[in-house]
Each structure stands twice: as structure tokens, then as C-alpha cells.
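Peer 1: Next up, start-v5.txt (compact mmCIF, C-alpha atoms).
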# COMPACT_ATOMS: atom_id res chain seq x y z
CA MET R 837 0.00 0.00 0.00
CA LEU R 838 1.31 3.46 -0.92
CA PRO R 839 2.40 5.58 2.07
CA GLU R 840 -0.05 8.38 1.19
CA ILE R 841 -2.97 5.91 1.09
CA PHE R 842 -1.87 4.47 4.44
CA ALA R 843 -1.73 8.00 5.92
CA LEU R 844 -5.19 8.83 4.53
CA LEU R 845 -6.65 5.74 6.19
CA VAL R 846 -5.07 6.67 9.51
CA LEU R 847 -6.53 10.19 9.22
CA ALA R 848 -9.96 8.71 8.41
CA ALA R 849 -9.69 6.58 11.57
CA PHE R 850 -9.01 9.68 13.68
CA VAL R 851 -12.12 11.41 12.30
CA ALA R 852 -14.15 8.22 12.77
CA GLY R 853 -13.01 7.91 16.39
CA PHE R 854 -14.06 11.49 17.14
CA VAL R 855 -17.51 11.12 15.58
CA ASP R 856 -18.14 7.60 16.86
CA SER R 857 -17.38 8.46 20.49
CA ILE R 858 -20.17 11.06 20.40
CA ALA R 859 -22.87 9.69 18.10
CA GLY R 860 -21.70 6.37 16.62
CA GLY R 861 -21.35 5.77 12.90
CA GLY R 862 -17.56 5.71 12.69
CA GLY R 863 -17.77 2.89 10.17
CA LEU R 864 -19.44 5.37 7.83
CA VAL R 865 -16.00 6.97 7.50
CA THR R 866 -13.61 4.02 7.73
CA ILE R 867 -15.28 1.24 5.73
CA PRO R 868 -15.80 3.26 2.51
CA THR R 869 -12.24 4.61 2.82
CA LEU R 870 -10.87 1.07 3.18
CA LEU R 871 -12.87 -0.12 0.18
CA LEU R 872 -11.79 2.85 -1.95
CA SER R 873 -8.15 2.10 -1.11
CA GLY R 874 -8.53 -1.33 -2.72
CA VAL R 875 -9.09 -3.54 0.34
CA ASP R 876 -11.52 -6.39 -0.37
CA PRO R 877 -14.90 -6.22 1.46
CA LEU R 878 -14.33 -9.06 3.96
CA THR R 879 -10.87 -7.79 4.92
CA ALA R 880 -12.23 -4.24 5.16
CA LEU R 881 -14.84 -5.41 7.68
CA GLY R 882 -12.25 -7.36 9.70
CA THR R 883 -9.70 -4.54 9.72
CA ASN R 884 -12.46 -2.09 10.65
CA LYS R 885 -13.40 -4.25 13.67
CA LEU R 886 -9.79 -4.20 14.86
CA GLN R 887 -9.35 -0.44 14.65
CA ALA R 888 -12.85 0.23 16.03
CA LEU R 889 -11.88 -1.61 19.23
CA PHE R 890 -9.43 1.19 20.02
CA GLY R 891 -12.02 3.92 19.52
CA SER R 892 -14.82 2.33 21.53
CA GLY R 893 -12.33 1.26 24.21
CA SER R 894 -10.89 4.78 24.46
CA ALA R 895 -14.34 6.34 24.74
CA SER R 896 -15.42 3.78 27.36
CA ILE R 897 -12.36 4.58 29.50
CA SER R 898 -13.01 8.34 29.20
CA TYR R 899 -16.66 8.06 30.21
CA ALA R 900 -15.89 5.66 33.07
CA ALA R 901 -13.11 7.90 34.41
CA LYS R 902 -15.63 10.75 34.73
CA GLY R 903 -18.20 8.54 36.45
CA HIS R 904 -20.71 8.31 33.59
CA VAL R 905 -20.65 4.50 33.50
CA ASP R 906 -19.82 1.82 36.08
CA LEU R 907 -17.66 -0.66 34.14
CA ARG R 908 -17.91 -3.42 36.74
CA ARG R 909 -21.69 -3.19 37.01
CA LEU R 910 -22.20 -3.16 33.24
CA MET R 911 -19.70 -5.97 32.55
CA PRO R 912 -22.26 -8.85 32.56
CA THR R 913 -24.36 -6.96 29.99
CA ALA R 914 -21.22 -6.32 27.93
CA LEU R 915 -20.47 -10.05 27.94
CA ILE R 916 -23.96 -10.68 26.55
CA ALA R 917 -23.29 -8.15 23.77
CA PHE R 918 -19.99 -9.93 23.06
CA ALA R 919 -21.73 -13.31 22.79
CA GLY R 920 -24.43 -11.89 20.53
CA ALA R 921 -21.79 -10.43 18.19
CA VAL R 922 -19.95 -13.76 18.01
CA VAL R 923 -23.16 -15.47 16.90
CA GLY R 924 -23.86 -12.68 14.40
CA ALA R 925 -20.34 -12.78 12.94
CA LEU R 926 -20.56 -16.56 12.52
CA ALA R 927 -23.90 -16.10 10.76
CA ALA R 928 -22.33 -13.48 8.49
CA MET R 929 -20.10 -16.20 7.06
CA VAL R 930 -23.09 -18.13 5.68
CA LEU R 931 -26.16 -15.87 5.54
CA PRO R 932 -27.01 -13.27 2.88
CA THR R 933 -27.47 -9.74 4.24
CA ASP R 934 -29.72 -8.45 1.45
CA VAL R 935 -32.75 -8.01 3.73
CA LEU R 936 -30.73 -6.03 6.29
CA GLU R 937 -29.26 -3.84 3.56
CA THR R 938 -32.80 -3.04 2.39
CA LEU R 939 -34.33 -2.34 5.79
CA LEU R 940 -31.43 -0.60 7.54
CA PRO R 941 -31.66 2.85 5.87
CA PHE R 942 -35.30 3.17 6.90
CA LEU R 943 -34.54 2.07 10.47
CA LEU R 944 -31.78 4.68 10.68
CA ILE R 945 -34.09 7.38 9.34
CA ALA R 946 -36.62 6.43 12.03
CA VAL R 947 -33.91 6.77 14.71
CA ALA R 948 -32.93 10.21 13.31
CA VAL R 949 -36.54 11.41 13.27
CA TYR R 950 -37.03 10.24 16.87
CA PHE R 951 -33.99 12.10 18.21
CA ALA R 952 -34.75 15.17 16.07
CA PHE R 953 -38.37 15.67 17.12
CA LYS R 954 -38.87 13.87 20.45
CA PRO R 955 -39.55 16.59 23.05
CA GLY R 956 -37.88 16.53 26.41
CA LEU R 957 -34.71 14.63 25.48
CA SER R 958 -31.90 15.78 27.76
CA ASP R 959 -29.12 14.47 29.97
CA GLU R 960 -31.65 13.79 32.76
CA ASP R 961 -32.85 10.22 33.32
CA ALA R 962 -36.51 9.40 32.65
CA GLU R 963 -38.85 6.55 33.56
CA ARG R 964 -37.65 3.04 32.69
CA ARG R 965 -40.07 1.19 30.39
CA ILE R 966 -38.74 -2.39 30.58
CA SER R 967 -36.96 -4.40 33.26
CA PRO R 968 -33.15 -4.56 33.34
CA ALA R 969 -33.36 -8.34 32.84
CA LEU R 970 -35.43 -8.03 29.67
CA PHE R 971 -33.19 -5.25 28.38
CA ALA R 972 -29.98 -7.22 28.94
CA GLY R 973 -31.39 -10.64 28.04
CA PHE R 974 -33.20 -9.73 24.82
CA LEU R 975 -32.29 -6.33 23.34
CA VAL R 976 -28.56 -6.36 24.04
CA PRO R 977 -27.82 -9.75 22.39
CA LEU R 978 -30.12 -8.84 19.50
CA ILE R 979 -28.23 -5.61 18.75
CA GLY R 980 -24.92 -7.35 19.42
CA ALA R 981 -25.79 -10.05 16.89
CA TYR R 982 -26.71 -7.37 14.37
CA ASP R 983 -23.32 -5.71 14.94
CA GLY R 984 -21.53 -8.99 14.28
CA LEU R 985 -23.66 -9.85 11.26
CA PHE R 986 -23.77 -6.46 9.53
CA GLY R 987 -22.59 -3.59 11.73
CA PRO R 988 -23.51 -0.07 10.53
CA GLY R 989 -25.77 1.77 12.97
CA ALA R 990 -25.35 -0.62 15.92
CA GLY R 991 -24.33 2.24 18.21
CA SER R 992 -27.41 4.21 17.17
CA PHE R 993 -29.64 1.25 18.04
CA PHE R 994 -27.97 0.85 21.46
CA MET R 995 -28.51 4.60 22.03
CA LEU R 996 -32.17 4.38 21.05
CA ALA R 997 -32.72 1.42 23.38
CA PHE R 998 -31.04 3.11 26.35
CA VAL R 999 -32.97 6.37 25.89
CA THR R 1000 -36.43 5.05 25.02
CA LEU R 1001 -36.58 1.83 27.06
CA ALA R 1002 -34.00 2.10 29.87
CA GLY R 1003 -34.87 5.77 30.48
CA TYR R 1004 -31.27 6.99 30.39
CA GLY R 1005 -30.36 10.60 29.73
CA VAL R 1006 -28.56 11.24 26.45
CA LEU R 1007 -25.03 11.54 27.88
CA LYS R 1008 -25.45 8.50 30.14
CA ALA R 1009 -26.86 6.51 27.20
CA THR R 1010 -23.85 7.49 25.08
CA ALA R 1011 -21.42 6.35 27.77
CA HIS R 1012 -23.14 2.98 28.21
CA THR R 1013 -23.46 2.53 24.45
CA LYS R 1014 -19.69 2.83 24.00
CA LEU R 1015 -18.95 -0.05 26.39
CA LEU R 1016 -21.52 -2.33 24.75
CA ASN R 1017 -20.21 -1.28 21.34
CA PHE R 1018 -16.70 -2.21 22.47
CA ALA R 1019 -17.94 -5.63 23.55
CA SER R 1020 -19.79 -6.29 20.29
CA ASN R 1021 -16.80 -5.04 18.27
CA LEU R 1022 -14.62 -7.48 20.20
CA GLY R 1023 -17.00 -10.37 19.50
CA GLY R 1024 -16.97 -9.66 15.76
CA PHE R 1025 -13.20 -9.10 15.79
CA VAL R 1026 -12.54 -12.55 17.29
CA ILE R 1027 -14.36 -14.28 14.43
CA PHE R 1028 -12.71 -12.16 11.72
CA ALA R 1029 -9.29 -12.74 13.33
CA PHE R 1030 -9.74 -16.50 13.19
CA SER R 1031 -10.81 -16.24 9.56
CA GLY R 1032 -7.62 -14.30 8.72
CA ALA R 1033 -9.51 -11.31 7.28
CA ILE R 1034 -7.47 -8.54 8.96
CA LEU R 1035 -4.63 -6.27 7.81
CA TRP R 1036 -2.84 -6.11 11.15
CA LYS R 1037 -0.30 -3.34 10.54
CA LEU R 1038 -2.92 -1.04 8.99
CA GLY R 1039 -5.57 -1.93 11.58
CA LEU R 1040 -3.26 -1.20 14.51
CA ALA R 1041 -2.12 2.13 13.03
CA MET R 1042 -5.74 3.13 12.43
CA GLY R 1043 -6.54 1.93 15.95
CA VAL R 1044 -4.06 4.35 17.53
CA ALA R 1045 -5.65 7.21 15.54
CA GLN R 1046 -9.12 6.00 16.59
CA PHE R 1047 -8.03 5.99 20.22
CA VAL R 1048 -6.88 9.62 20.08
CA GLY R 1049 -9.94 10.78 18.12
CA ALA R 1050 -12.30 9.04 20.53
CA ARG R 1051 -10.53 10.54 23.52
CA ILE R 1052 -11.05 14.04 22.13
CA GLY R 1053 -14.62 13.34 21.00
CA SER R 1054 -15.74 11.91 24.34
CA GLY R 1055 -14.35 15.01 26.03
CA PHE R 1056 -16.52 17.19 23.79
CA ALA R 1057 -19.55 14.97 24.53
CA MET R 1058 -19.07 15.24 28.29
CA ARG R 1059 -18.61 19.00 28.04
CA PHE R 1060 -21.65 19.76 25.88
CA GLY R 1061 -23.91 16.75 26.59
CA ALA R 1062 -27.24 16.46 24.75
CA ARG R 1063 -26.70 19.80 22.99
CA LEU R 1064 -23.95 18.17 20.92
CA ILE R 1065 -24.86 14.47 21.00
CA ARG R 1066 -28.47 14.83 19.85
CA PRO R 1067 -27.90 16.83 16.60
CA LEU R 1068 -24.76 14.89 15.70
CA LEU R 1069 -26.62 11.60 16.16
CA VAL R 1070 -29.35 12.81 13.79
CA VAL R 1071 -26.76 13.86 11.18
CA VAL R 1072 -24.83 10.56 11.44
CA CYS R 1073 -27.99 8.43 11.11
CA LEU R 1074 -29.19 10.38 8.06
CA ALA R 1075 -25.73 10.29 6.46
CA LEU R 1076 -25.44 6.55 6.97
CA ALA R 1077 -28.96 5.96 5.63
CA THR R 1078 -28.22 8.10 2.56
CA LYS R 1079 -25.00 6.20 1.87
CA LEU R 1080 -26.77 2.85 2.10
CA LEU R 1081 -29.61 3.96 -0.14
CA LEU R 1082 -27.20 5.24 -2.80
CA SER R 1083 -24.79 2.29 -2.69
In C-alpha cells, write the structure found in this file.
Peer 2:
Amino acid sequence: MLPEIFALLVLAAFVAGFVDSIAGGGGLVTIPTLLLSGVDPLTALGTNKLQALFGSGSASISYAAKGHVDLRRLMPTALIAFAGAVVGALAAMVLPTDVLETLLPFLLIAVAVYFAFKPGLSDEDAERRISPALFAGFLVPLIGAYDGLFGPGAGSFFMLAFVTLAGYGVLKATAHTKLLNFASNLGGFVIFAFSGAILWKLGLAMGVAQFVGARIGSGFAMRFGARLIRPLLVVVCLALATKLLLS
């Protein structure tokens, strides 16, 4: 790979880490850039999982250090997300994803509309609508499996679930989303690593850039809260939906 292409991919990872730590959707930046650089689709997905681990891990550490998420308390739920992603990634090896590719843009548009027009969304917690057991036992593995099987928008779906069903404020939902996203990224990464579909040198270099970008982005999110997270989430969802519809 030419040095300038390598550098462009590292820069894309930095931007993706910044955006993803606030509103998700980092793959919207990195996966197309990997594909345009000539990486085959399966290897692009595997390499993306590797570098995304650094971004979601960095954001999780930042949010936990400021007390926005209790890592130990959320760890059992994260393990469920990990297991769901492993199942999804295994399914990705044998199942067609045509149906998901068709439905996903419309689901993302629905998420964007919800966060754009729902009154009262803030960093304050609201009433919980389902039990923690149902949330962790059904929704988390379902979204985790989706992340392993297909991927784009998984963070947005975790966010939506935390806000609408768990009653979390927007900043708290973002912090918890990043840890579950890290776990589901790790589950998918394990399967791709065993399949050999990873460019290690490139993925690690992009991962360092993701880590730095996510560190900066999570700082912005904690400073500005829902005022920044809400509009950026809407923009990311609509951008991802548009890309999928036009691809």
C-alpha cells in the first residue's frame, strides 16, 4: 500500500473515532475509505473491527473515568453483547445480508426522526419502560448479533434502546453505548481474526488514531452533553442511511 494511502486511512480513523465516540457511525468513515483504497470487502470489515476496538475502548475509558458509567456493574451486559456479536459474525459467514441492507436505511431514518423531534430529550434520566433483565437478556444480544452480522448503525440502536426503554439521559446513554459497542466489536473481531480477514499493521495504526480521536470526542460529549450528541446523532444516522440507499 502506498504511504499516502496508508496515511489517509489513519486520518480517516481519527475522524471516525471522534464522531463515533459522540454519536456512533464511525464505520461510515472508515469502511468506505478502506474499500476505496482497494481492500476487499471481507478484509475491510475485519480490519475495521480491529481499529474500532481502540475507539470504543478509548471512549469507554473516558466516560468511566468521569463517572458516567460503572464498568464493573455493566460488565455482565457487555459479555452478553460480546456473545451476541460472536453469533452474528458466525452467521455473516453463511447468511445473505440483502434483507438487512434493504431495511437498515429506513430504520436509521426512524432513529434520526425520533432524536430530532422527540420533546424533552436531555441528559436527565426518565422513567424506565422495561426491566433490566429483559433489556440485557433480549435487546442487548439482538443488537450485538446485528453488529456482528452487519454492523452499521449498531451504536445508534444501542442509544435508542437506552434512551427510550431504559430511560437513560442522552449523555449516560452514550457512555453505556460505548462499552456495549466495544464488547460487540470485540466479538466480531474474534471471528474475523480466526478467519484471517485482517490487515494487522494497517488496523493497529488506524486503531491508535481511533483511540486519540475518541478521547477528544468523548471530552466534547461530556462538556456539551445532549446539545452536541443529539444533533450529531441525527446527522450521522441520516448520512449513513443516505450512503446505504445510494450504494
Peer 1: Can you pull out the residues contacting stretch 909-914 of chain R? Cut-off 9 Å, using all atoms listed in the file, and skip same-chain residues under 5 positions away; I want them as a list in words.
Peer 2: Ala919, Ala972, Gly973, Val976, Pro977, His1012, Leu1015, Leu1016, Asn1017, Phe1018, Ala1019 and Ser1020 of chain R
Peer 1: Need to verify the contact set: R:Thr1013, 12 Å, only C-alpha atoms, exclusion of same-chain residues closer than 4 positions in sequence. Can you return it as a ChimeraX atom specification?
Peer 2: /R:856-860,892-893,895-896,899-900,904-905,907,910,913-914,917,976,979-980,989-999,1002,1004-1009,1017-1021
Peer 1: I'd like the neighbourhood of R:Val1071 as a ChimeraX atom specification, where a residue qualifies if any of its atoms comes within 10 Å (using only C-alpha atoms), though same-chain residues fewer than 5 positions away should be ignored.
Peer 2: /R:859,861,945,948,952,1066,1076-1077
Peer 1: Filtering to C-alpha atoms, could you give me those residues as a PDB file, in the frame of the given file?
Peer 2:
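File written: result-v3.pdb
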ATOM      1  CA  ALA R 859     -22.870   9.690  18.100  1.00  0.00           C
ATOM      2  CA  GLY R 861     -21.350   5.770  12.900  1.00  0.00           C
ATOM      3  CA  ILE R 945     -34.090   7.380   9.340  1.00  0.00           C
ATOM      4  CA  ALA R 948     -32.930  10.210  13.310  1.00  0.00           C
ATOM      5  CA  ALA R 952     -34.750  15.170  16.070  1.00  0.00           C
ATOM      6  CA  ARG R1066     -28.470  14.830  19.850  1.00  0.00           C
ATOM      7  CA  LEU R1076     -25.440   6.550   6.970  1.00  0.00           C
ATOM      8  CA  ALA R1077     -28.960   5.960   5.630  1.00  0.00           C
TER       9      ALA R1077
END
Peer 1: Distance atom CA of R:Ser967-atom CA of R:Gly903, one decimal place?
Peer 2: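 A separation of 23.0 Å between them.
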Peer 1: In terms of the shortest atom-to-atom distance over all atoms listed in the file, which of R:Leu1001, R:Val1026, R:Ile897, R:Leu871 is closest to R:Ala921?
Peer 2: R:Val1026
Peer 1: Could you tell me which of R:Cys1073, R:Leu985, R:Thr866, R:Ser873 comes closest to R:Glu840 if we count all atoms listed in the file?
Peer 2: R:Ser873
Peer 1: Can you tell me how far atom CA of R:Asp906 sits from atom CA of R:Pro988, in Å to one decimal?
Peer 2: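 These atoms are spaced 25.9 Å apart.
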Peer 1: With all atoms listed in the file as the counted atoms, please give the residues lying no more than 9 Å from R:Gly1024, apart from itself and same-chain residues fewer than 3 positions off, as a PyMOL selection string.
Peer 2: chain R and resi 882+885+918+921-926+981+983-985+1019-1021+1027-1029
Peer 1: To one decimal in Å, tell me the separation between atom CA of R:Gly1061 and atom CA of R:Pro955.
Peer 2: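 Taking atom CA of R:Gly1061 and atom CA of R:Pro955, their separation equals 16.0 Å.
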Peer 1: Nearest to R:Ile1065 among R:Phe1047, R:Phe951, R:Phe942, R:Tyr982, with distances taken over all atoms listed in the file: which residue is it?
Peer 2: R:Phe951
Peer 1: Draw an axis-aligned box over all listed atoms of stretch 919-926 of chain R, pad each side with 8 Å, and write its centre and edge lengths in Å, one decimal, as AutoDock Vina command-line options.
Peer 2:
--center_x -22.2 --center_y -13.5 --center_z 17.7 --size_x 20.5 --size_y 22.1 --size_z 26.3
Peer 1: Would you kindly return, as a PyMOL selection string, each protein, DNA or RNA residue with an atom no farther than 10 Å from any atom of R:Ala849, considering all atoms listed in the file and excluding same-chain residues fewer than 4 positions away?
Peer 2: chain R and resi 843-845+853-855+862-863+865-867+869+884+887-888+891+1039+1041-1050
